[in-house]
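Content type mmCIF, C-alpha atoms, from the file final_35.cif:
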```
data_coords
#
loop_
_atom_site.label_atom_id
_atom_site.label_comp_id
_atom_site.auth_asym_id
_atom_site.auth_seq_id
_atom_site.Cartn_x
_atom_site.Cartn_y
_atom_site.Cartn_z
CA MET R 1 21.65 0.19 -44.58
CA ASN R 2 24.11 -1.72 -42.43
CA LEU R 3 22.96 -1.94 -38.78
CA LEU R 4 26.15 -3.58 -37.53
CA ALA R 5 28.55 -0.91 -38.79
CA ILE R 6 30.87 0.55 -36.14
CA THR R 7 31.06 4.29 -36.58
CA GLY R 8 32.10 7.24 -34.45
CA GLN R 9 28.60 7.51 -33.06
CA THR R 10 28.70 3.88 -31.95
CA TRP R 11 31.84 4.45 -29.88
CA PHE R 12 30.42 7.70 -28.47
CA ILE R 13 27.17 6.03 -27.33
CA THR R 14 29.09 3.08 -25.87
CA GLY R 15 31.45 5.38 -23.96
CA LEU R 16 28.60 7.58 -22.78
CA GLY R 17 26.67 4.58 -21.43
CA PHE R 18 29.74 3.18 -19.69
CA GLY R 19 30.54 6.59 -18.22
CA ILE R 20 27.01 7.02 -16.88
CA VAL R 21 27.20 3.62 -15.19
CA LEU R 22 30.53 4.49 -13.54
CA VAL R 23 29.33 7.90 -12.37
CA LEU R 24 26.17 6.40 -10.86
CA LEU R 25 28.24 3.72 -9.16
CA PHE R 26 30.42 6.33 -7.47
CA VAL R 27 27.39 8.42 -6.54
CA PHE R 28 25.64 5.44 -4.93
CA VAL R 29 28.79 4.43 -3.02
CA TYR R 30 29.21 7.91 -1.56
CA VAL R 31 25.50 8.22 -0.77
CA MET R 32 25.75 4.96 1.21
CA LYS R 33 28.84 6.25 3.05
CA LEU R 34 27.00 9.49 3.83
CA LEU R 35 23.99 7.59 5.16
CA GLY R 36 26.29 5.45 7.30
CA TRP R 37 27.88 8.58 8.72
CA ILE R 38 24.47 10.13 9.41
CA MET R 39 23.15 7.00 11.13
CA GLN R 40 26.27 6.60 13.28
CA PRO R 41 25.56 7.28 16.97
CA ARG R 42 27.10 10.46 18.32
CA LYS R 43 29.36 10.64 21.39
CA ALA R 44 26.79 12.45 23.54
CA GLN R 45 24.21 9.75 22.88
CA THR R 46 26.63 6.91 23.57
CA GLU R 47 27.72 8.49 26.88
CA LYS R 48 24.07 8.90 27.89
CA GLN R 49 23.34 5.27 27.01
CA ALA R 50 26.44 4.09 28.88
CA GLU R 51 25.04 5.59 32.07
CA SER R 52 21.80 3.66 31.70
CA HIS R 53 23.48 0.28 31.08
CA PRO R 54 23.45 -2.12 33.99
CA THR R 55 26.61 -2.46 36.05
CA LYS R 56 27.50 -4.64 39.02
CA ASP R 57 26.24 -1.93 41.35
CA ASN R 58 22.74 -1.44 39.89
CA VAL R 59 21.86 -5.02 38.88
CA ILE R 60 19.62 -7.14 41.08
CA SER R 61 21.52 -10.37 41.53
CA ARG R 62 19.65 -13.60 40.97
CA ASP R 63 20.55 -17.09 41.90
CA ALA R 64 21.48 -18.86 38.65
CA ALA R 65 20.83 -22.25 40.21
CA GLU R 66 17.18 -21.30 40.82
CA GLU R 67 16.76 -20.32 37.17
CA ASP R 68 18.32 -23.61 36.07
CA LYS R 69 15.97 -25.55 38.31
CA ALA R 70 12.97 -23.67 36.92
CA ALA R 71 14.04 -24.39 33.33
CA ILE R 72 14.51 -28.10 34.05
CA ALA R 73 11.16 -28.30 35.82
CA TYR R 74 9.39 -26.62 32.89
CA ALA R 75 11.09 -28.94 30.37
CA LEU R 76 10.01 -31.99 32.38
CA HIS R 77 6.49 -30.59 32.62
CA LEU R 78 6.31 -30.20 28.84
CA TYR R 79 7.77 -33.66 28.27
CA TYR R 80 5.42 -35.51 30.60
CA ASN R 81 2.26 -33.58 29.72
CA SER R 82 2.81 -33.79 25.93
CA LEU R 83 1.48 -30.41 24.94
CA HIS R 84 1.84 -31.13 21.23
CA ASP R 85 -0.71 -32.87 19.04
CA PRO R 86 -0.21 -36.59 18.44
CA VAL R 87 1.35 -37.31 15.06
CA GLU R 88 0.21 -40.31 13.07
CA THR R 89 3.18 -42.05 11.45
CA HIS R 90 1.28 -44.59 9.35
CA LEU R 91 2.30 -44.39 5.67
CA THR R 92 0.32 -46.07 2.89
CA ILE R 93 1.64 -46.47 -0.64
CA LYS R 94 -0.78 -47.64 -3.29
CA HIS R 95 0.67 -48.89 -6.56
CA HIS R 96 -1.07 -47.81 -9.72
CA ALA R 97 -0.11 -47.70 -13.37
CA THR R 98 1.00 -44.36 -14.78
CA ALA R 99 2.49 -43.28 -18.08
CA TRP R 100 5.93 -43.33 -16.46
CA HIS R 101 5.40 -46.86 -15.25
CA ILE R 102 4.53 -48.01 -18.78
CA ILE R 103 7.57 -46.29 -20.30
CA SER R 104 10.02 -47.60 -17.71
CA SER R 105 8.78 -51.21 -17.96
CA GLY R 106 9.21 -51.24 -21.74
CA ASN R 107 5.57 -51.94 -22.62
#
```
Kindly transcribe the structure held in the file into structure tokens.
Amino acid sequence: MNLLAITGQTWFITGLGFGIVLVLLFVFVYVMKLLGWIMQPRKAQTEKQAESHPTKDNVISRDAAEEDKAAIAYALHLYYNSLHDPVETHLTIKHHATAWHIISSGN
């Protein structure tokens, strides 16, 4: 029995597998397009949302300079009060013999 023989059945199974992969690829692409179309906002919803968005007429104006001053004051407060934990930066390296040390030194 020769397992590597190429017969008519071999080409049929190969073509069938390749065809199934292509068909599934097209099905998945069109399912994704359909889902994108379904999830797309409709015109009635977008018009309703456009009415609720802030405009120059319905926005309470704030003084940007006051917000900048508040941000700077808070940054200075955090800097001077050091709200983070102190970090110890002391590093200690202890030399000891390992198998790699023995191999690299040639012993």
Kindly give the distance, in Å, that separates CA of Phe26 in chain R and CA of Gln40 in chain R, rounded to a single decimal.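 So the two atoms, CA of Phe26 in chain R and CA of Gln40 in chain R, lie 21.2 Å apart.
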Listed atoms of range 24-38 of chain R boxed along x, y and z, 3 Å each side, centre and edge lengths in Å, one decimal, as AutoDock Vina command-line options:
```
--center_x 27.2 --center_y 6.9 --center_z -0.7 --size_x 12.4 --size_y 12.4 --size_z 26.3
```
In Å, rounded to a single decimal, give me how far CA of Val21 in chain R is from CA of Ile38 in chain R. 25.6 Å
To one decimal place, how far is CA of Phe18 in chain R from CA of Lys33 in chain R in Å? 23.0 Å
